[in-house]
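Asker: Take this structure, written in structure tokens, and hold onto it; I'll ask about it next.
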Amino acid sequence: KNRLATYLATARRFFNMSIPTVTPKYSFGLKGDVSNNISYLDEQTIIYPAGSNLIIYNVDQKTQKFISSNGAECITAMAVSPNKRYVATAEKNGEKASIAIFDMTTQRKRKTLTPGEENSQSYVSLAFSPDSKYLVSQAGAPDWMVTYWQWEKAKSMASMKGNGHTANPIYQVSFNPEDNTQICLSGEKLFKLFRYNEGNLKQFAFVKVEAQNYLCHAWLSEDRLALGTDGGKIQLFEGGELKNEFTVHTATATGNKDSSDNSRKTTPLHSVVKEAMPVRCIAVYSKGFICSGGNGTVCLFEKTDNKNVFKKAQTVGIWVDAATQPPQLAGSEAPPPTSNEIRSLSLSPSEESVICTTTTQQIYSLSLSNSGIGKGGSSASFDYLTHSFHQGEITGMDVCIRKPLIATCSTDKTIRVWNYETNVLDLCKEFQEEAYSIALHPSGLFLLVGFSEKLRLMNILLDDIRSFKEFTIRGCRECSFSNGGHMFAAANTTLIQLFATYTFENIGNLKGHNGKIRCLLWNPDDSHLVSCGMDGAIYDWNVQNVKRERECVLKSCSYTSIAITPDLRTTFAVGSDRTLKEVILADSTVLRQVSAGDVVLTQVVLSHTGKMLFVGSSSGTIRAMKFPLTDGGEYQEHPAHSSAVTRMKVSYDDQYLFSVGQDGVLFCFKVMDKDGRGLKKEKDVNFSEEVLVTKSDLEEKNTQMSELKTRVDELKMENEYQLRLKDMNYNEKNKELRDKFAHDIEALQTMNEAIRSDREKENTKHAEEIQELVERQNRTLEELENANNQKLLTEYEKYQELQARSQKLQEDYEHRITDAEEAHQKALLELTEHYESRLQEKGLQLDQTNDEHRQKVMEYDELQKQMEEDGDQEVLDLKNKYERQLRQKWEENTKLRGEAGILNKKVSSLNEEIKKLNAEIQRLMQEVKKRDNIISSLKNDIEGLKKEIQERDDTIQDKEKRIYDLKKKNQELEKFKFVLDYKIKEQQRQIEPMDTKIKKMKAQIKNMETELGMYSQDNKALQFEMEQKELRLTAADKELHQERQRNQDLRVEVKNIKCGLHGALAYIQEPELLKKAVDDLRKKYLQDHDGGTSGEQERETDIHSEYARQREHLERSVASLRKKLAKDTEIHRADYIRVMQDNVALLKEINDLRTELKKSRTQAHDLEAAIKIARKQGFDDQAASAKPTVPPSNLAKVEPTDYSRLIEMQKTEISKLRAMIRDLEGGKRPLSRTKLPPMQDSLVTVQ
């Protein structure tokens, strides 16, 4: 029984073992470092690389199709054939490079081109020939080989080193659009044209100018090329000769871009760029060409009458939202990226739209059919094709349970929330610091993000992400919410801290790891937490007891990710040792190790049902493992990313697999079973639709709604009032029309009576004519009957003659038949006798052959026995051989079944599409038939209408005769007109007072217009005076400038004369030399003052030397003044500090004085009260009454006779104190030292 149970368990496990398949559903990202990385396939479809896949995106349906490059590490270049049927990609596989060509109709690989003796590890550029039959490739360093391929035969026609003997890099290669044999190369200081001839590439049309650093080029026609340089210039070549060169200006387009979606705010990417930016791509279209013009701008150039001149029509810029991507959120504005250069451009086949990719891995689109494009309008700008993507490595990812949301954080300092059902970016916000980890609450309403300084708990609002709690955990690399959402765990270097989500209380700290923690996982009931770290330890923690229960430590491996089964019995771990481990924590043992080959496994994830296992690698591939694991570790590998996978997650219902990598791309995969069917949901999960809204936002929206409601009510009232007015007007018009139509009806009735009488007359005429026609017809019928009777008699006689002839012919025919039958019977007897003799001969031959056959059978039996004996031995050998092959084929067959299931699904989908297309064709055929019937009916209608036109022409002639009668009736209508004129006069009497009011208003308007004209005249006069004064000011400024210049020239000349005189004083003891020197000075400065080139040149040299000397002197003086200024500032600063200290001391003294003043005032008040009482009641009563108010010490000293003197002294002292307080409060204080001189005066004195 035990053996049977174990056998059944192993059999059950064997039959349940299967490899799930994953198919890519959608991708969010772009591989930006691919040459020519975007292109149109048709008007609605574009193709671009993401990770190691090609994405075919339908712009209208917003769907994606994937073409995977199996076995390729990454894509380095891409090209689309001119007929849009083929796509070529340059793939890098380790140290080898290859070219894969895909057919877009079948979306499968058509050919693979492998280089021969090239040492290059990658290709930098690819291009198809105009007829799509040839391909040219440009390899990278160190060889830079150019290869001319006939790709359908995978044959290299010619190859050569593109840069000759130099090491200059080459950036682009292309075909002549009209000639398959001409190609062009451009690169750093390199521009060459080659022609293919008899297996060689020969250069022609040598360039006659100095080559620059050419980044891109494009063919404008058969012999004309436009090349873009790194200096922001475009050079126009024709046959190797430079025809024109012009600079691409990089000023950004300004304008207002207002979008109502999600209340987005847009700002221009950058201000006017002063330096020329490189031209990295050029696209040609029918009107001219489009090129990149710097940091996020595109310039449109159009043709002119001169073929060598292109006119710049417009510069269009990329508008960037806050956080550099939509949807824009309130309060999330951030500066745009410093570099957002356009890398590739592509035009749609109809040239109505253009798409571009940038160095920040974004895709933008622009509609060229916009009215502002090409007309100088500034409202046009690029916008995102779908939504923005991450620009750097994605460091964190998490999936929500209650909503179809994915949260990611990246090194580009942004946090994004994606919806994987609608394939839309819901929220995005950029921060000032980089986020290392992220966790999404199961409700989808909160985010936990680890920044470099703190760990922040954030609210996910309707249009924003706001922080509401911060925890002092620096550089948190791992964080995770529990499945219930009531707790979360965060890694603080080697410590795990547990917090309550709603009370923010630190529940406990888990210590044990010696290295950085790389993964945290909760079990389904949140009672345990499993962690792994770079120290090679896997720990199972009991959350309730805050203790470690189980562990498995392997110091030779630093773990990066783990996955646990729902029952916590088994743990799967990956790390640096390139193996997948199945660990039993209860025994602290590694049950099984599956080698990954040369690849490091970075991530592992297990489905929530515990039946599917997926692993991510450092090469960017995802492996679906056969589960439960076997010793060999069977798996299916799916290409996804172009670099290492950083995070992997499975949705709560196990329907989707999500992965992110260092390439900044997010992939969504649909998980299927081995037969290619989607997994069945154990229970339907209804996603919640609740969102968080702040009270202020809600109040604002409520106020807006109330305002809009009041506005709607007002509009309703206005519309009702307008409708009532219109009803009144329409009722009056209806009355008028009714009266009018009543008159018309009466006129038509009279006309009908006249027409009836005419009809009766016509009917009588027609009856008479019909009777005459009947009589004529009867006569002709009688005549025809007589003639036909005569013809019948003649024909009957002819018939009898023909019948007699036919009887004679029948008798002759019967005689001939009898003779032929007799001859046939004789021939038949002769033939039977001949063939019976032949049969006897053949019977004898058959007996002989039977005897021979018996002998042959005997020989064959003997040979068969011998062959059977030999065959048995061979069969035994072959049986063993083919059993082995059968096992291998069976294993291959299981793999092929999975692929066949996928293909069957595709075939079924294609059949359904064919059925739909056939149904549409039938429907269209039916519509065509209906249209044909309609056309025939319309033709019949046309013929009928033509007949009606003829009939109506006849009736028109009849009606013209009736016009005379109607004129008579018109006289009767004039009588009614008299009555209506009387009513009109009454209406005019009522209108006259309104006319008077209108005249008064017109008079007032005229008066106001005259006043307005006077004001405008005054304004014009004042403007004229202002203009004259401005002209006078400008003239005075010019004269002043001229006078200053003249004064300065004279000063220089005087200084020169003084210098000359000073030099002449040296000869004061020698008169002749002194005379000569003075004569020279006179000739120099007095004679030839207005002319003389030599004197002017000497003067200029003297001026320059004097200017240099004065400049040196001034520079020295400025340096000394700066030093003095620095010293003065230090002294002034010290004085200022000392003055501040004095001020503080004085303020304290003022406060003390104020307190003393208050005390003295109270004492004076008490004394005055005591004096008044003493005057009234005498000294004794005064002393008795003053005892409680005045201190006894003061009163005991004062005698009654000295009160007046004491009061006067107190008053004088109080007045002094008040004066002192006023001075102090007014800012007057005794100076601590003499005043410093002002800075400007000191500078003036120094100068």
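Each chain in the structure tokens gets a letter, A, B and so on, in the order shown; residues start at 1 in every chain, and ligands are counted from 1 in the order they appear.
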Taking the chain letters and numbering used in this document, name the residues of stretch 104-282 of chain A that DSSP puts in strand (DSSP E), as a compact mmCIF listing (two decimals) with N, CA and C atoms, in the first residue's frame.
Answerer:
# COMPACT_ATOMS: atom_id res chain seq x y z
N ARG A 108 7.10 37.13 -39.10
CA ARG A 108 8.08 36.11 -38.76
C ARG A 108 9.41 36.45 -39.40
N LYS A 109 10.46 35.80 -38.86
CA LYS A 109 11.79 36.04 -39.39
C LYS A 109 11.92 35.39 -40.76
N ARG A 110 12.39 36.19 -41.73
CA ARG A 110 12.53 35.70 -43.10
C ARG A 110 13.96 35.21 -43.38
N LYS A 111 14.96 36.02 -42.99
CA LYS A 111 16.35 35.64 -43.23
C LYS A 111 17.21 36.14 -42.09
N THR A 112 18.37 35.48 -41.94
CA THR A 112 19.38 35.92 -40.98
C THR A 112 20.69 36.05 -41.73
N LEU A 113 21.31 37.23 -41.67
CA LEU A 113 22.56 37.52 -42.37
C LEU A 113 23.68 37.55 -41.33
N TYR A 123 26.40 46.53 -35.45
CA TYR A 123 26.15 47.34 -36.63
C TYR A 123 25.58 48.69 -36.17
N VAL A 124 26.00 49.76 -36.85
CA VAL A 124 25.56 51.11 -36.47
C VAL A 124 24.47 51.64 -37.39
N SER A 125 24.34 51.09 -38.61
CA SER A 125 23.33 51.61 -39.54
C SER A 125 22.99 50.54 -40.57
N LEU A 126 21.70 50.53 -40.99
CA LEU A 126 21.20 49.64 -42.03
C LEU A 126 20.34 50.45 -42.99
N ALA A 127 20.26 49.97 -44.26
CA ALA A 127 19.40 50.65 -45.24
C ALA A 127 19.02 49.66 -46.33
N PHE A 128 17.74 49.74 -46.79
CA PHE A 128 17.24 48.94 -47.90
C PHE A 128 17.39 49.71 -49.20
N LEU A 135 20.41 45.15 -49.42
CA LEU A 135 20.57 45.76 -48.10
C LEU A 135 22.03 46.14 -47.94
N VAL A 136 22.27 47.32 -47.39
CA VAL A 136 23.62 47.75 -47.08
C VAL A 136 23.72 47.91 -45.57
N SER A 137 24.84 47.43 -45.00
CA SER A 137 25.04 47.48 -43.56
C SER A 137 26.37 48.15 -43.27
N GLN A 138 26.39 48.92 -42.17
CA GLN A 138 27.62 49.57 -41.72
C GLN A 138 27.96 49.02 -40.34
N ALA A 139 29.08 48.29 -40.27
CA ALA A 139 29.52 47.71 -39.00
C ALA A 139 30.24 48.77 -38.17
N MET A 145 33.28 48.02 -41.40
CA MET A 145 33.09 47.42 -42.72
C MET A 145 31.71 47.75 -43.28
N VAL A 146 31.68 48.11 -44.57
CA VAL A 146 30.44 48.34 -45.31
C VAL A 146 30.19 47.10 -46.16
N THR A 147 28.99 46.52 -46.02
CA THR A 147 28.67 45.28 -46.74
C THR A 147 27.43 45.49 -47.57
N TYR A 148 27.50 45.04 -48.84
CA TYR A 148 26.39 45.15 -49.79
C TYR A 148 25.79 43.75 -49.93
N TRP A 149 24.52 43.55 -49.45
CA TRP A 149 23.90 42.23 -49.37
C TRP A 149 22.80 42.08 -50.41
N GLN A 150 22.69 40.87 -50.96
CA GLN A 150 21.46 40.41 -51.63
C GLN A 150 20.76 39.53 -50.60
N LYS A 155 23.42 36.55 -49.30
CA LYS A 155 24.70 36.57 -50.01
C LYS A 155 25.32 37.95 -49.90
N SER A 156 26.62 37.99 -49.54
CA SER A 156 27.36 39.24 -49.48
C SER A 156 27.93 39.51 -50.86
N MET A 157 27.44 40.59 -51.51
CA MET A 157 27.88 40.92 -52.87
C MET A 157 29.23 41.63 -52.86
N ALA A 158 29.44 42.53 -51.88
CA ALA A 158 30.70 43.27 -51.81
C ALA A 158 30.85 43.81 -50.40
N SER A 159 32.10 44.01 -49.98
CA SER A 159 32.37 44.60 -48.67
C SER A 159 33.71 45.31 -48.73
N MET A 160 33.84 46.34 -47.90
CA MET A 160 35.06 47.11 -47.83
C MET A 160 35.07 47.91 -46.53
N LYS A 161 36.22 48.46 -46.19
CA LYS A 161 36.35 49.30 -45.01
C LYS A 161 35.89 50.70 -45.38
N ILE A 170 31.74 56.04 -38.41
CA ILE A 170 30.70 56.28 -39.42
C ILE A 170 29.35 56.17 -38.73
N TYR A 171 28.47 57.15 -39.02
CA TYR A 171 27.19 57.22 -38.33
C TYR A 171 26.01 56.72 -39.16
N GLN A 172 26.07 56.86 -40.50
CA GLN A 172 24.90 56.51 -41.31
C GLN A 172 25.33 56.04 -42.69
N VAL A 173 24.54 55.09 -43.23
CA VAL A 173 24.71 54.61 -44.59
C VAL A 173 23.33 54.56 -45.23
N SER A 174 23.27 54.86 -46.55
CA SER A 174 21.96 54.89 -47.22
C SER A 174 22.13 54.63 -48.70
N PHE A 175 21.01 54.22 -49.35
CA PHE A 175 20.95 54.00 -50.78
C PHE A 175 20.44 55.26 -51.49
N ASN A 176 20.86 55.41 -52.75
CA ASN A 176 20.26 56.41 -53.61
C ASN A 176 18.81 56.00 -53.88
N ASP A 179 18.62 54.65 -57.53
CA ASP A 179 19.64 53.77 -58.09
C ASP A 179 20.07 52.77 -57.01
N ASN A 180 19.95 51.46 -57.33
CA ASN A 180 20.33 50.41 -56.38
C ASN A 180 21.83 50.30 -56.18
N THR A 181 22.61 50.84 -57.10
CA THR A 181 24.07 50.63 -57.06
C THR A 181 24.81 51.74 -56.34
N GLN A 182 24.14 52.85 -55.97
CA GLN A 182 24.82 53.98 -55.33
C GLN A 182 24.48 54.01 -53.84
N ILE A 183 25.52 54.16 -53.01
CA ILE A 183 25.32 54.29 -51.57
C ILE A 183 26.12 55.48 -51.07
N CYS A 184 25.74 55.98 -49.91
CA CYS A 184 26.39 57.15 -49.31
C CYS A 184 26.76 56.82 -47.87
N LEU A 185 27.97 57.26 -47.45
CA LEU A 185 28.44 57.11 -46.08
C LEU A 185 28.71 58.50 -45.52
N SER A 186 28.36 58.69 -44.23
CA SER A 186 28.67 59.95 -43.56
C SER A 186 29.10 59.63 -42.14
N GLY A 187 30.08 60.42 -41.65
CA GLY A 187 30.60 60.20 -40.31
C GLY A 187 31.47 61.36 -39.89
N LEU A 190 33.95 62.69 -42.59
CA LEU A 190 33.87 61.68 -43.64
C LEU A 190 32.56 61.81 -44.39
N PHE A 191 32.65 61.91 -45.72
CA PHE A 191 31.48 61.91 -46.60
C PHE A 191 31.92 61.30 -47.92
N LYS A 192 31.40 60.09 -48.23
CA LYS A 192 31.83 59.36 -49.41
C LYS A 192 30.63 58.81 -50.16
N LEU A 193 30.78 58.74 -51.49
CA LEU A 193 29.78 58.14 -52.37
C LEU A 193 30.43 56.95 -53.06
N PHE A 194 29.72 55.78 -53.06
CA PHE A 194 30.24 54.56 -53.66
C PHE A 194 29.24 54.05 -54.70
N ARG A 195 29.78 53.31 -55.68
CA ARG A 195 28.95 52.66 -56.70
C ARG A 195 29.36 51.19 -56.76
N TYR A 196 28.34 50.32 -56.76
CA TYR A 196 28.60 48.87 -56.85
C TYR A 196 28.76 48.50 -58.32
N ASN A 197 29.89 47.81 -58.62
CA ASN A 197 30.16 47.42 -59.99
C ASN A 197 31.00 46.15 -59.98
N ASN A 200 32.44 44.89 -56.59
CA ASN A 200 33.27 45.83 -55.85
C ASN A 200 32.49 47.12 -55.60
N LEU A 201 32.86 47.80 -54.53
CA LEU A 201 32.33 49.14 -54.22
C LEU A 201 33.43 50.15 -54.52
N LYS A 202 33.18 50.99 -55.51
CA LYS A 202 34.18 51.96 -55.95
C LYS A 202 33.68 53.37 -55.65
N GLN A 203 34.57 54.20 -55.12
CA GLN A 203 34.20 55.57 -54.78
C GLN A 203 34.17 56.43 -56.03
N PHE A 204 33.20 57.35 -56.07
CA PHE A 204 33.09 58.30 -57.18
C PHE A 204 32.63 59.64 -56.60
N TYR A 214 29.90 64.98 -39.86
CA TYR A 214 28.54 64.80 -40.37
C TYR A 214 27.84 63.74 -39.52
N LEU A 215 26.72 64.12 -38.91
CA LEU A 215 25.97 63.21 -38.05
C LEU A 215 24.86 62.47 -38.80
N CYS A 216 24.34 63.04 -39.89
CA CYS A 216 23.24 62.41 -40.62
C CYS A 216 23.23 62.96 -42.04
N HIS A 217 22.48 62.30 -42.91
CA HIS A 217 22.29 62.78 -44.27
C HIS A 217 20.98 62.23 -44.83
N ALA A 218 20.53 62.84 -45.93
CA ALA A 218 19.29 62.41 -46.59
C ALA A 218 19.37 62.79 -48.05
N TRP A 219 18.82 61.91 -48.91
CA TRP A 219 18.79 62.15 -50.36
C TRP A 219 17.58 63.02 -50.68
N ARG A 224 21.26 64.82 -55.34
CA ARG A 224 21.39 65.91 -54.35
C ARG A 224 21.23 65.34 -52.95
N LEU A 225 22.12 65.77 -52.04
CA LEU A 225 22.14 65.28 -50.66
C LEU A 225 22.17 66.46 -49.70
N ALA A 226 21.49 66.27 -48.56
CA ALA A 226 21.56 67.24 -47.46
C ALA A 226 22.23 66.55 -46.29
N LEU A 227 23.30 67.16 -45.73
CA LEU A 227 24.06 66.58 -44.64
C LEU A 227 23.98 67.50 -43.42
N GLY A 228 23.72 66.92 -42.25
CA GLY A 228 23.68 67.67 -41.00
C GLY A 228 24.96 67.51 -40.21
N THR A 229 25.46 68.62 -39.66
CA THR A 229 26.74 68.63 -38.95
C THR A 229 26.50 68.82 -37.46
N LYS A 233 24.66 73.06 -38.70
CA LYS A 233 24.55 73.50 -40.09
C LYS A 233 24.10 72.35 -40.98
N ILE A 234 23.50 72.73 -42.12
CA ILE A 234 23.10 71.77 -43.16
C ILE A 234 23.81 72.15 -44.44
N GLN A 235 24.55 71.20 -45.00
CA GLN A 235 25.27 71.42 -46.25
C GLN A 235 24.55 70.69 -47.37
N LEU A 236 24.43 71.38 -48.51
CA LEU A 236 23.73 70.86 -49.68
C LEU A 236 24.76 70.50 -50.74
N PHE A 237 24.85 69.19 -51.08
CA PHE A 237 25.82 68.69 -52.05
C PHE A 237 25.09 68.20 -53.30
N GLU A 238 25.75 68.39 -54.43
CA GLU A 238 25.27 67.84 -55.70
C GLU A 238 26.46 67.23 -56.42
N GLU A 241 29.84 68.13 -54.93
CA GLU A 241 30.18 69.55 -54.92
C GLU A 241 29.23 70.30 -53.99
N LEU A 242 29.79 71.13 -53.12
CA LEU A 242 29.00 71.89 -52.16
C LEU A 242 28.29 73.03 -52.88
N LYS A 243 26.95 73.02 -52.79
CA LYS A 243 26.14 74.04 -53.45
C LYS A 243 25.68 75.14 -52.50
N ASN A 244 25.40 74.79 -51.27
CA ASN A 244 24.90 75.79 -50.32
C ASN A 244 25.12 75.28 -48.91
N GLU A 245 25.18 76.22 -47.97
CA GLU A 245 25.34 75.89 -46.55
C GLU A 245 24.55 76.92 -45.74
N PHE A 246 23.73 76.45 -44.85
CA PHE A 246 22.96 77.37 -44.02
C PHE A 246 22.83 76.80 -42.62
N THR A 247 22.63 77.73 -41.67
CA THR A 247 22.58 77.38 -40.24
C THR A 247 21.13 77.13 -39.83
N THR A 266 1.42 73.29 -19.42
CA THR A 266 2.53 73.03 -20.29
C THR A 266 3.46 74.22 -20.30
N THR A 267 4.73 73.94 -20.40
CA THR A 267 5.74 74.97 -20.46
C THR A 267 6.68 74.64 -21.60
N PRO A 268 7.28 75.63 -22.26
CA PRO A 268 8.22 75.33 -23.32
C PRO A 268 9.43 74.62 -22.78
N ILE A 282 17.46 63.88 -40.40
CA ILE A 282 16.81 64.61 -41.49
C ILE A 282 15.81 63.67 -42.14
Asker: Could you list, as an MDAnalysis selection string, every residue within 10 Å of A:Leu457, counting only C-alpha atoms and ignoring same-chain residues fewer than 6 positions away?
Answerer: chainID A and resid 438:439 446:450 466:471 501 504
Asker: Taking the DSSP secondary structure from the backbone, can you list the residues of stretch 665-818 of chain A that are helix (DSSP H, G or I), as a PyMOL selection string?
Answerer: chain A and resi 695-818
Asker: I'd like the contact shell of A:Pro349 - 8 Å cut-off, only C-alpha atoms, skipping same-chain residues fewer than 5 positions apart - returned as a list in words.
Answerer: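 My list of contacting residues is Tyr40, Asp42 and Glu43 of chain A.
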Asker: Rounded to one decimal, what separation in Å do you get between atom CA of A:Cys428 and atom CA of A:Leu440?
Answerer: 14.4 Å
